[in-house]
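Next comes target.pdb, a file with PDB, N, CA and C atoms.
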ATOM      1  N   MET A   1       0.840  -1.172   0.000
ATOM      2  CA  MET A   1       0.000   0.000   0.000
ATOM      3  C   MET A   1       0.889   1.240   0.000
ATOM      4  N   THR A   2       0.530   2.224  -0.821
ATOM      5  CA  THR A   2       1.331   3.438  -0.908
ATOM      6  C   THR A   2       0.962   4.395   0.210
ATOM      7  N   GLN A   3       1.930   5.138   0.642
ATOM      8  CA  GLN A   3       1.719   6.106   1.709
ATOM      9  C   GLN A   3       1.297   7.434   1.111
ATOM     10  N   ARG A   4       0.229   7.997   1.618
ATOM     11  CA  ARG A   4      -0.234   9.301   1.143
ATOM     12  C   ARG A   4       0.295  10.372   2.077
ATOM     13  N   THR A   5       0.638  11.473   1.510
ATOM     14  CA  THR A   5       1.151  12.576   2.324
ATOM     15  C   THR A   5       0.199  13.750   2.243
ATOM     16  N   VAL A   6       0.225  14.579   3.229
ATOM     17  CA  VAL A   6      -0.593  15.784   3.244
ATOM     18  C   VAL A   6       0.330  16.963   2.987
ATOM     19  N   ILE A   7      -0.038  17.776   2.015
ATOM     20  CA  ILE A   7       0.783  18.903   1.601
ATOM     21  C   ILE A   7       0.018  20.192   1.891
ATOM     22  N   LYS A   8       0.705  21.176   2.431
ATOM     23  CA  LYS A   8       0.104  22.496   2.634
ATOM     24  C   LYS A   8       0.665  23.441   1.587
ATOM     25  N   ASP A   9      -0.230  24.275   1.040
ATOM     26  CA  ASP A   9       0.235  25.245   0.050
ATOM     27  C   ASP A   9       0.741  26.501   0.746
ATOM     28  N   ASP A  10       0.992  27.565  -0.020
ATOM     29  CA  ASP A  10       1.567  28.801   0.512
ATOM     30  C   ASP A  10       0.652  29.493   1.521
ATOM     31  N   ARG A  11      -0.648  29.310   1.367
ATOM     32  CA  ARG A  11      -1.611  29.959   2.267
ATOM     33  C   ARG A  11      -1.928  29.106   3.486
ATOM     34  N   GLY A  12      -1.324  27.921   3.592
ATOM     35  CA  GLY A  12      -1.565  27.055   4.727
ATOM     36  C   GLY A  12      -2.731  26.108   4.550
ATOM     37  N   LEU A  13      -3.335  26.067   3.347
ATOM     38  CA  LEU A  13      -4.465  25.185   3.083
ATOM     39  C   LEU A  13      -3.960  23.779   2.780
ATOM     40  N   LEU A  14      -4.706  22.787   3.240
ATOM     41  CA  LEU A  14      -4.324  21.401   2.993
ATOM     42  C   LEU A  14      -4.657  20.994   1.566
ATOM     43  N   ASN A  15      -3.782  20.259   0.982
ATOM     44  CA  ASN A  15      -4.014  19.688  -0.339
ATOM     45  C   ASN A  15      -3.697  18.206  -0.222
ATOM     46  N   ASN A  16      -4.680  17.411   0.156
ATOM     47  CA  ASN A  16      -4.416  16.006   0.395
ATOM     48  C   ASN A  16      -4.442  15.172  -0.888
ATOM     49  N   PHE A  17      -4.652  15.792  -2.046
ATOM     50  CA  PHE A  17      -4.609  15.068  -3.309
ATOM     51  C   PHE A  17      -3.223  15.111  -3.949
ATOM     52  N   ALA A  18      -2.380  16.005  -3.479
ATOM     53  CA  ALA A  18      -1.057  16.166  -4.082
ATOM     54  C   ALA A  18      -0.099  15.132  -3.512
ATOM     55  N   TYR A  19       0.665  14.543  -4.373
ATOM     56  CA  TYR A  19       1.729  13.620  -3.978
ATOM     57  C   TYR A  19       2.972  14.021  -4.729
ATOM     58  N   GLU A  20       4.022  14.292  -4.032
ATOM     59  CA  GLU A  20       5.248  14.707  -4.684
ATOM     60  C   GLU A  20       6.226  13.539  -4.672
ATOM     61  N   PRO A  21       6.514  12.984  -5.841
ATOM     62  CA  PRO A  21       7.452  11.867  -5.894
ATOM     63  C   PRO A  21       8.873  12.336  -5.622
ATOM     64  N   PRO A  22       9.728  11.444  -5.187
ATOM     65  CA  PRO A  22      11.118  11.843  -4.962
ATOM     66  C   PRO A  22      11.801  12.190  -6.284
ATOM     67  N   VAL A  23      12.697  13.144  -6.221
ATOM     68  CA  VAL A  23      13.399  13.628  -7.405
ATOM     69  C   VAL A  23      14.781  12.985  -7.455
ATOM     70  N   TYR A  24      15.124  12.434  -8.616
ATOM     71  CA  TYR A  24      16.425  11.811  -8.811
ATOM     72  C   TYR A  24      17.188  12.584  -9.873
ATOM     73  N   PHE A  25      18.465  12.777  -9.647
ATOM     74  CA  PHE A  25      19.317  13.473 -10.606
ATOM     75  C   PHE A  25      20.400  12.519 -11.081
ATOM     76  N   ASP A  26      20.583  12.464 -12.404
ATOM     77  CA  ASP A  26      21.676  11.693 -12.968
ATOM     78  C   ASP A  26      22.937  12.549 -12.936
ATOM     79  N   GLU A  27      24.025  11.930 -12.545
ATOM     80  CA  GLU A  27      25.290  12.656 -12.511
ATOM     81  C   GLU A  27      25.824  12.900 -13.920
ATOM     82  N   GLU A  28      25.530  11.991 -14.850
ATOM     83  CA  GLU A  28      26.028  12.099 -16.218
ATOM     84  C   GLU A  28      24.997  12.828 -17.085
ATOM     85  N   PRO A  29      25.386  13.909 -17.757
ATOM     86  CA  PRO A  29      24.421  14.613 -18.601
ATOM     87  C   PRO A  29      24.039  13.766 -19.818
ATOM     88  N   ARG A  30      22.802  13.884 -20.256
ATOM     89  CA  ARG A  30      22.320  13.084 -21.376
ATOM     90  C   ARG A  30      22.081  13.913 -22.634
ATOM     91  N   VAL A  31      22.310  15.197 -22.583
ATOM     92  CA  VAL A  31      22.153  16.045 -23.759
ATOM     93  C   VAL A  31      23.450  16.823 -23.971
ATOM     94  N   GLY A  32      23.614  17.336 -25.170
ATOM     95  CA  GLY A  32      24.801  18.135 -25.456
ATOM     96  C   GLY A  32      25.915  17.310 -26.070
ATOM     97  N   PHE A  33      27.125  17.756 -25.897
ATOM     98  CA  PHE A  33      28.284  17.138 -26.507
ATOM     99  C   PHE A  33      28.829  16.014 -25.627
ATOM    100  N   THR A  34      28.079  14.924 -25.531
ATOM    101  CA  THR A  34      28.570  13.784 -24.767
ATOM    102  C   THR A  34      29.403  12.893 -25.674
ATOM    103  N   GLU A  35      30.208  12.050 -25.084
ATOM    104  CA  GLU A  35      31.072  11.167 -25.872
ATOM    105  C   GLU A  35      30.241  10.207 -26.714
ATOM    106  N   PHE A  36      29.160   9.691 -26.152
ATOM    107  CA  PHE A  36      28.292   8.757 -26.870
ATOM    108  C   PHE A  36      27.667   9.419 -28.100
ATOM    109  N   ALA A  37      27.143  10.644 -27.920
ATOM    110  CA  ALA A  37      26.504  11.348 -29.035
ATOM    111  C   ALA A  37      27.515  11.699 -30.120
ATOM    112  N   GLU A  38      28.696  12.100 -29.722
ATOM    113  CA  GLU A  38      29.702  12.487 -30.708
ATOM    114  C   GLU A  38      30.205  11.290 -31.509
ATOM    115  N   LYS A  39      30.294  10.118 -30.879
ATOM    116  CA  LYS A  39      30.683   8.920 -31.630
ATOM    117  C   LYS A  39      29.654   8.601 -32.701
ATOM    118  N   TRP A  40      28.357   8.654 -32.341
ATOM    119  CA  TRP A  40      27.323   8.339 -33.325
ATOM    120  C   TRP A  40      27.233   9.405 -34.403
ATOM    121  N   ASN A  41      27.412  10.686 -34.054
ATOM    122  CA  ASN A  41      27.418  11.740 -35.069
ATOM    123  C   ASN A  41      28.548  11.516 -36.069
ATOM    124  N   GLY A  42      29.722  11.137 -35.581
ATOM    125  CA  GLY A  42      30.849  10.875 -36.469
ATOM    126  C   GLY A  42      30.604   9.676 -37.369
ATOM    127  N   ARG A  43      30.000   8.632 -36.818
ATOM    128  CA  ARG A  43      29.707   7.439 -37.627
ATOM    129  C   ARG A  43      28.720   7.749 -38.738
ATOM    130  N   PHE A  44      27.668   8.494 -38.408
ATOM    131  CA  PHE A  44      26.681   8.850 -39.433
ATOM    132  C   PHE A  44      27.278   9.785 -40.484
ATOM    133  N   ALA A  45      28.167  10.671 -40.077
ATOM    134  CA  ALA A  45      28.819  11.561 -41.035
ATOM    135  C   ALA A  45      29.701  10.767 -41.994
ATOM    136  N   MET A  46      30.449   9.803 -41.470
ATOM    137  CA  MET A  46      31.292   8.964 -42.339
ATOM    138  C   MET A  46      30.447   8.138 -43.296
ATOM    139  N   LEU A  47      29.335   7.600 -42.800
ATOM    140  CA  LEU A  47      28.439   6.811 -43.648
ATOM    141  C   LEU A  47      27.850   7.679 -44.759
ATOM    142  N   GLY A  48      27.428   8.897 -44.422
ATOM    143  CA  GLY A  48      26.877   9.811 -45.423
ATOM    144  C   GLY A  48      27.906  10.186 -46.471
ATOM    145  N   PHE A  49      29.142  10.396 -46.055
ATOM    146  CA  PHE A  49      30.189  10.760 -47.011
ATOM    147  C   PHE A  49      30.478   9.606 -47.974
ATOM    148  N   VAL A  50      30.534   8.385 -47.449
ATOM    149  CA  VAL A  50      30.781   7.220 -48.306
ATOM    150  C   VAL A  50      29.618   7.018 -49.275
ATOM    151  N   LEU A  51      28.384   7.185 -48.812
ATOM    152  CA  LEU A  51      27.233   7.052 -49.704
ATOM    153  C   LEU A  51      27.240   8.130 -50.789
ATOM    154  N   LEU A  52      27.668   9.321 -50.444
ATOM    155  CA  LEU A  52      27.779  10.378 -51.445
ATOM    156  C   LEU A  52      28.807  10.012 -52.514
ATOM    157  N   LEU A  53      29.944   9.447 -52.110
ATOM    158  CA  LEU A  53      30.946   9.018 -53.092
ATOM    159  C   LEU A  53      30.420   7.891 -53.969
ATOM    160  N   VAL A  54      29.664   6.969 -53.396
ATOM    161  CA  VAL A  54      29.089   5.868 -54.181
ATOM    162  C   VAL A  54      28.089   6.398 -55.195
ATOM    163  N   ILE A  55      27.270   7.359 -54.800
ATOM    164  CA  ILE A  55      26.300   7.948 -55.727
ATOM    165  C   ILE A  55      27.010   8.659 -56.868
ATOM    166  N   GLU A  56      28.031   9.426 -56.552
ATOM    167  CA  GLU A  56      28.758  10.140 -57.602
ATOM    168  C   GLU A  56      29.487   9.183 -58.536
ATOM    169  N   TYR A  57      30.040   8.115 -58.007
ATOM    170  CA  TYR A  57      30.739   7.144 -58.843
ATOM    171  C   TYR A  57      29.745   6.417 -59.753
ATOM    172  N   GLY A  58      28.587   6.061 -59.227
ATOM    173  CA  GLY A  58      27.606   5.331 -60.017
ATOM    174  C   GLY A  58      26.933   6.180 -61.075
ATOM    175  N   ALA A  59      26.790   7.464 -60.843
ATOM    176  CA  ALA A  59      26.095   8.337 -61.789
ATOM    177  C   ALA A  59      27.064   9.023 -62.747
ATOM    178  N   ASP A  60      28.348   8.953 -62.520
ATOM    179  CA  ASP A  60      29.362   9.637 -63.338
ATOM    180  C   ASP A  60      29.108  11.138 -63.411
ATOM    181  N   GLU A  61      28.495  11.696 -62.395
ATOM    182  CA  GLU A  61      28.254  13.133 -62.286
ATOM    183  C   GLU A  61      28.489  13.546 -60.844
ATOM    184  N   GLY A  62      28.555  14.840 -60.648
ATOM    185  CA  GLY A  62      28.640  15.349 -59.285
ATOM    186  C   GLY A  62      27.275  15.344 -58.617
ATOM    187  N   PHE A  63      27.260  15.410 -57.314
ATOM    188  CA  PHE A  63      26.001  15.353 -56.584
ATOM    189  C   PHE A  63      25.135  16.581 -56.851
ATOM    190  N   ILE A  64      25.750  17.749 -56.980
ATOM    191  CA  ILE A  64      24.998  18.972 -57.247
ATOM    192  C   ILE A  64      24.357  18.911 -58.616
ATOM    193  N   SER A  65      25.062  18.420 -59.600
ATOM    194  CA  SER A  65      24.471  18.315 -60.947
ATOM    195  C   SER A  65      23.345  17.289 -60.966
ATOM    196  N   LEU A  66      23.433  16.256 -60.136
ATOM    197  CA  LEU A  66      22.331  15.304 -60.022
ATOM    198  C   LEU A  66      21.094  15.972 -59.419
ATOM    199  N   LEU A  67      21.301  16.804 -58.429
ATOM    200  CA  LEU A  67      20.163  17.518 -57.841
ATOM    201  C   LEU A  67      19.540  18.499 -58.821
ATOM    202  N   ARG A  68      20.357  19.139 -59.643
ATOM    203  CA  ARG A  68      19.827  20.066 -60.633
ATOM    204  C   ARG A  68      19.053  19.357 -61.730
ATOM    205  N   SER A  69      19.436  18.136 -62.063
ATOM    206  CA  SER A  69      18.761  17.406 -63.150
ATOM    207  C   SER A  69      17.412  16.830 -62.710
ATOM    208  N   ILE A  70      17.117  16.842 -61.418
ATOM    209  CA  ILE A  70      15.827  16.347 -60.940
ATOM    210  C   ILE A  70      14.706  17.277 -61.344
ATOM    211  N   ASN A  71      14.934  18.582 -61.325
ATOM    212  CA  ASN A  71      13.875  19.554 -61.658
ATOM    213  C   ASN A  71      13.610  19.623 -63.118
TER
END
Can I see the file as structure tokens?
Amino acid sequence: MTQRTVIKDDRGLLNNFAYEPPVYFDEEPRVGFTEFAEKWNGRFAMLGFVLLLVIEYGADEGFISLLRSIN
């Protein structure tokens, strides 16, 4: 069975419906320039560059000229 707590607001009124869960903080940041994110960004960049070279080799044209010929 869960324990219910009684919370008072700024005016001293009871709010027995409010339950404040405990707050946990991760020591390691999960956004920004983390090592994990930078490894995956580098891998995707290398994959994109290789695919661009394969497209240019297969079409015997540059990528920009291929984009212009679509219109």
(request) Provide the atom CA of A:Asn41 to atom CA of A:Ile64 distance in Å, to one decimal place. (result)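 So the two atoms, atom CA of A:Asn41 and atom CA of A:Ile64, lie 23.5 Å apart.
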| task | Give the alpha helix (DSSP H) residues of stretch 9-67 of chain A, as DSSP finds them on the backbone, and put them as a ChimeraX atom specification. | result | /A:35-59,63-67
Atom CA of A:Phe44 sits from atom CA of A:Ser65 at a separation of 23.6 Å
From atom CA of A:Leu66 to atom CA of A:Leu47 the spacing works out at 19.4 Å
